[in-house]
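One file, input_23.cif, carrying mmCIF, C-alpha atoms and all ligand atoms:
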data_upload
loop_
_atom_site.label_atom_id
_atom_site.label_comp_id
_atom_site.auth_asym_id
_atom_site.auth_seq_id
_atom_site.Cartn_x
_atom_site.Cartn_y
_atom_site.Cartn_z
CA MET A 1 -3.40 4.93 -27.27
CA LYS A 2 -6.48 3.32 -25.81
CA GLU A 3 -5.87 1.08 -22.81
CA PRO A 4 -8.03 -1.22 -20.68
CA THR A 5 -8.40 -1.30 -16.91
CA LEU A 6 -10.05 -3.86 -14.66
CA VAL A 7 -12.72 -2.48 -12.36
CA LEU A 8 -14.36 -4.53 -9.63
CA ILE A 9 -17.30 -3.44 -7.53
CA LYS A 10 -16.44 -5.29 -4.35
CA PRO A 11 -18.94 -7.09 -2.05
CA ASP A 12 -19.40 -4.06 0.23
CA GLY A 13 -20.32 -1.93 -2.78
CA LEU A 14 -22.91 -4.49 -3.87
CA VAL A 15 -24.34 -5.02 -0.39
CA LYS A 16 -24.78 -1.27 0.07
CA SER A 17 -26.57 -0.98 -3.30
CA LEU A 18 -23.88 1.32 -4.61
CA THR A 19 -23.63 -0.19 -8.10
CA GLY A 20 -25.70 2.51 -9.79
CA ASN A 21 -23.91 5.35 -7.99
CA ILE A 22 -20.48 3.93 -8.78
CA LEU A 23 -21.33 3.34 -12.45
CA THR A 24 -22.64 6.90 -12.68
CA ARG A 25 -19.38 8.23 -11.23
CA LEU A 26 -17.39 6.08 -13.66
CA SER A 27 -19.43 7.36 -16.60
CA GLU A 28 -17.88 10.80 -15.95
CA THR A 29 -14.69 9.38 -17.48
CA LYS A 30 -16.42 8.88 -20.88
CA LEU A 31 -14.66 5.52 -21.08
CA GLU A 32 -16.29 2.55 -22.79
CA ILE A 33 -17.30 -0.62 -20.93
CA VAL A 34 -16.05 -3.52 -23.06
CA ALA A 35 -16.84 -6.39 -20.68
CA ALA A 36 -18.98 -6.95 -17.60
CA LYS A 37 -20.12 -9.92 -15.54
CA MET A 38 -21.06 -11.02 -12.03
CA VAL A 39 -18.45 -13.31 -10.52
CA SER A 40 -18.74 -15.63 -7.56
CA VAL A 41 -15.13 -15.30 -6.39
CA SER A 42 -13.35 -18.59 -5.71
CA ASP A 43 -10.58 -18.90 -3.16
CA GLU A 44 -8.14 -19.52 -6.00
CA LEU A 45 -9.17 -16.38 -7.92
CA ALA A 46 -9.04 -14.24 -4.75
CA ARG A 47 -5.55 -15.45 -3.85
CA GLU A 48 -4.22 -15.03 -7.38
CA HIS A 49 -5.71 -11.54 -7.69
CA TYR A 50 -4.06 -10.36 -4.47
CA LYS A 51 -0.93 -12.53 -4.62
CA HIS A 52 1.39 -9.49 -4.40
CA LEU A 53 0.03 -8.90 -0.88
CA LYS A 54 0.34 -12.44 0.44
CA ASP A 55 2.93 -11.51 3.08
CA LYS A 56 0.87 -8.63 4.50
CA PRO A 57 -0.75 -9.02 7.93
CA PHE A 58 -4.16 -8.14 6.44
CA TYR A 59 -3.98 -10.73 3.63
CA ASP A 60 -6.30 -13.38 5.13
CA GLU A 61 -8.99 -10.80 5.91
CA LEU A 62 -8.56 -9.29 2.44
CA ILE A 63 -9.20 -12.71 0.86
CA LYS A 64 -12.35 -13.16 2.98
CA TYR A 65 -13.48 -9.66 2.00
CA ILE A 66 -13.09 -10.05 -1.77
CA LYS A 67 -14.76 -13.49 -1.62
CA GLY A 68 -17.74 -11.83 0.08
CA GLU A 69 -17.38 -13.74 3.33
CA LEU A 70 -17.65 -10.53 5.35
CA HIS A 71 -20.87 -9.53 3.62
CA ALA A 72 -22.79 -12.77 3.19
CA ARG A 73 -22.85 -11.98 -0.49
CA ARG A 74 -20.39 -13.99 -2.50
CA LYS A 75 -20.20 -11.86 -5.58
CA VAL A 76 -18.32 -9.13 -7.31
CA LEU A 77 -19.18 -7.12 -10.45
CA ALA A 78 -16.19 -7.33 -12.78
CA MET A 79 -15.86 -4.90 -15.68
CA ILE A 80 -13.30 -3.68 -18.15
CA TYR A 81 -13.23 0.04 -18.94
CA TYR A 82 -11.41 1.01 -22.12
CA GLY A 83 -10.13 4.24 -23.61
CA GLU A 84 -7.45 6.93 -23.52
CA GLY A 85 -5.81 7.12 -20.09
CA ALA A 86 -8.33 4.65 -18.67
CA ILE A 87 -6.06 3.42 -15.86
CA GLU A 88 -5.26 6.86 -14.46
CA LYS A 89 -8.79 8.19 -14.98
CA VAL A 90 -10.38 5.36 -13.00
CA ARG A 91 -7.71 5.40 -10.27
CA GLN A 92 -8.25 9.13 -9.85
CA LEU A 93 -11.98 8.70 -9.49
CA ALA A 94 -11.56 5.69 -7.15
CA GLY A 95 -9.31 7.60 -4.74
CA ALA A 96 -6.61 6.44 -2.33
CA THR A 97 -6.41 2.84 -1.10
CA ASN A 98 -7.13 3.87 2.49
CA PRO A 99 -10.70 5.21 2.47
CA GLU A 100 -9.88 7.54 5.38
CA GLU A 101 -7.18 9.17 3.28
CA ALA A 102 -9.10 9.15 0.00
CA ASP A 103 -10.29 12.48 -1.36
CA SER A 104 -13.76 12.97 0.11
CA ILE A 105 -15.46 13.19 -3.29
CA SER A 106 -13.68 10.11 -4.70
CA ILE A 107 -15.61 6.84 -4.77
CA ARG A 108 -13.58 5.41 -1.89
CA GLY A 109 -13.81 8.70 0.00
CA GLN A 110 -17.58 8.73 -0.39
CA TYR A 111 -18.37 5.08 0.16
CA GLY A 112 -15.39 3.38 1.83
CA ARG A 113 -14.77 2.65 5.49
CA ILE A 114 -12.27 0.86 7.70
CA THR A 115 -13.86 -1.86 9.78
CA THR A 116 -13.09 -2.33 13.48
CA SER A 117 -10.92 -5.31 12.50
CA GLY A 118 -8.90 -3.09 10.17
CA VAL A 119 -10.24 -4.17 6.76
CA TYR A 120 -10.25 -1.40 4.16
CA GLU A 121 -13.72 -1.77 2.68
CA ASN A 122 -13.12 0.54 -0.25
CA ALA A 123 -15.98 -0.51 -2.57
CA ILE A 124 -13.98 -0.63 -5.79
CA HIS A 125 -10.85 -2.13 -7.32
CA ALA A 126 -9.05 -0.49 -10.23
CA SER A 127 -5.82 -1.63 -11.93
CA THR A 128 -2.76 0.54 -11.21
CA ASN A 129 -0.73 0.18 -14.42
CA LEU A 130 -0.69 -1.47 -17.87
CA LYS A 131 1.13 -4.58 -16.69
CA GLU A 132 -1.22 -5.09 -13.76
CA ALA A 133 -4.27 -4.45 -15.96
CA LYS A 134 -3.11 -7.16 -18.38
CA ARG A 135 -2.47 -9.69 -15.62
CA GLU A 136 -5.78 -8.97 -13.91
CA ILE A 137 -7.90 -8.89 -17.07
CA LYS A 138 -6.49 -12.26 -18.17
CA LEU A 139 -7.28 -13.61 -14.73
CA TRP A 140 -10.90 -12.42 -14.60
CA PHE A 141 -11.99 -12.68 -18.24
CA LYS A 142 -11.74 -15.00 -21.22
CA PRO A 143 -11.07 -13.46 -24.67
CA ASP A 144 -14.62 -14.16 -25.88
CA GLU A 145 -16.12 -12.22 -22.96
CA ILE A 146 -14.53 -8.97 -24.12
CA ILE A 147 -15.98 -7.13 -27.13
CA VAL A 148 -12.63 -5.76 -28.35
CA ASP A 149 -9.32 -7.56 -28.98
CA LEU A 150 -7.03 -6.54 -26.13
CA TYR A 151 -4.32 -9.18 -26.13
CA PRO A 152 -3.21 -11.95 -28.50
CA ALA A 153 -5.48 -14.98 -28.21
CA LYS A 154 -5.68 -18.38 -29.83
CA THR A 155 -8.61 -20.54 -30.78
CA ILE A 156 -8.50 -24.04 -29.40
CA SER A 157 -10.93 -26.85 -29.85
CA HIS A 158 -11.59 -29.29 -27.09
CA GLU A 159 -14.47 -31.22 -25.66
CA VAL A 160 -16.46 -28.98 -23.35
CA ARG A 161 -18.92 -29.79 -20.62
CA GLU A 162 -21.20 -26.85 -20.07
CA LYS A 163 -24.79 -26.21 -18.98
CA GLU A 164 -27.45 -25.41 -21.50
CA TRP A 165 -31.06 -24.43 -20.97
CA ALA A 166 -33.14 -27.49 -20.10
P1 LIG B 1 -5.36 -0.65 -4.33
O1 LIG B 1 -6.62 -1.44 -4.13
O2 LIG B 1 -5.57 0.82 -4.08
O3 LIG B 1 -4.67 -0.92 -5.64
P2 LIG B 1 -3.40 -2.40 -3.04
O4 LIG B 1 -3.31 -3.10 -4.34
O5 LIG B 1 -2.12 -1.95 -2.39
O6 LIG B 1 -4.34 -1.10 -3.16
O7 LIG B 1 -4.17 -3.27 -1.96
C1 LIG B 1 -5.26 -4.06 -2.36
C2 LIG B 1 -6.34 -3.99 -1.29
O8 LIG B 1 -5.81 -4.45 -0.04
C3 LIG B 1 -6.85 -2.58 -0.99
O9 LIG B 1 -7.86 -2.17 -1.89
C4 LIG B 1 -7.35 -2.73 0.40
C5 LIG B 1 -6.40 -3.73 1.02
N1 LIG B 1 -5.34 -3.06 1.77
C6 LIG B 1 -4.23 -2.45 1.28
N2 LIG B 1 -3.47 -1.94 2.26
C7 LIG B 1 -4.12 -2.23 3.42
C8 LIG B 1 -3.84 -1.99 4.80
N3 LIG B 1 -2.74 -1.34 5.19
N4 LIG B 1 -4.74 -2.44 5.72
C9 LIG B 1 -5.85 -3.12 5.34
N5 LIG B 1 -6.16 -3.39 4.04
C10 LIG B 1 -5.31 -2.95 3.10
MG MG B 2 -3.77 -2.64 -6.35
#
Go through the file and emit its structure as structure tokens.
Amino acid sequence: MKEPTLVLIKPDGLVKSLTGNILTRLSETKLEIVAAKMVSVSDELAREHYKHLKDKPFYDELIKYIKGELHARRKVLAMIYYGEGAIEKVRQLAGATNPEEADSISIRGQYGRITTSGVYENAIHASTNLKEAKREIKLWFKPDEIIVDLYPAKTISHEVREKEWA
């Protein structure tokens, strides 16, 4: 069964110009990218994404990190990789959460670091299981932004205010 996984290139990955290297590593998996966009991470999105860690001592720094406040670059590249065993394949390639413990040829092992204030700058996020992937994908993407149908969706009509080209 094909499955999706959410992948984020975090602000440290973008600031260090690692996007190309990380995408090349991820292409080893032969998975398909079914959605991709740059996101300016709001406080609300950051807190919802990491809500399972809200009682941890590093939570406030983690929120600043994912919002880009530690890198003067408020953006993240959000993508969905899709295919057989996608979750495990990407986790494997990403490496352990702690970049010091990550396999040295994993993405986090190669590019991650722990800052002097204890933040794990580990360059990439990858969902850990099907349930988490579903929660995270629904948080970061709308159905129309994904080129395959992953989860049930409904069409609603309402008045929208959106920008168009002037
Ligand atoms: P992962 O990102 O490997 O799924 P997680 O979901 O447990 O790990 O934690 C989310 C992020 O929080 C992780 O990428 C880096 C940060 N983090 C986790 N444990 C930490 C710790 N002990 N000290 C500092 N940051 C930590
Ligand atoms: Mg996690």
For this session: Could you please extract the residues within 6 Å of ligand LIG 1 (chain B), counting all atoms listed in the file, and hand them back as a list of chain:residue names?
Result: A:Phe58, A:Ala96, A:Thr97, A:Gly118, A:Val119, A:Tyr120, A:His125
Exercise. Could you pull the residues within 12 Å of stretch 128-140 of chain A, counting all atoms listed in the file, minus those fewer than 3 positions along the same chain, as a VMD selection string?
Worked result: chain A and resid 1 to 8 34 to 42 44 to 52 76 to 82 85 to 92 94 to 97 125 143 to 146 150 to 153
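Rounded to one decimal, atom CA of A:Leu62 and atom CA of A:Asn21 lie 23.6 Å from each other.
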Exercise. So, counting only C-alpha atoms, which residue among A:Asn98, A:Thr29, A:Pro11, A:Ala166 is closest to A:Glu84?
Worked result: A:Thr29
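Atom CA of A:Lys10 sits 6.4 Å away from atom CA of A:Ile66.
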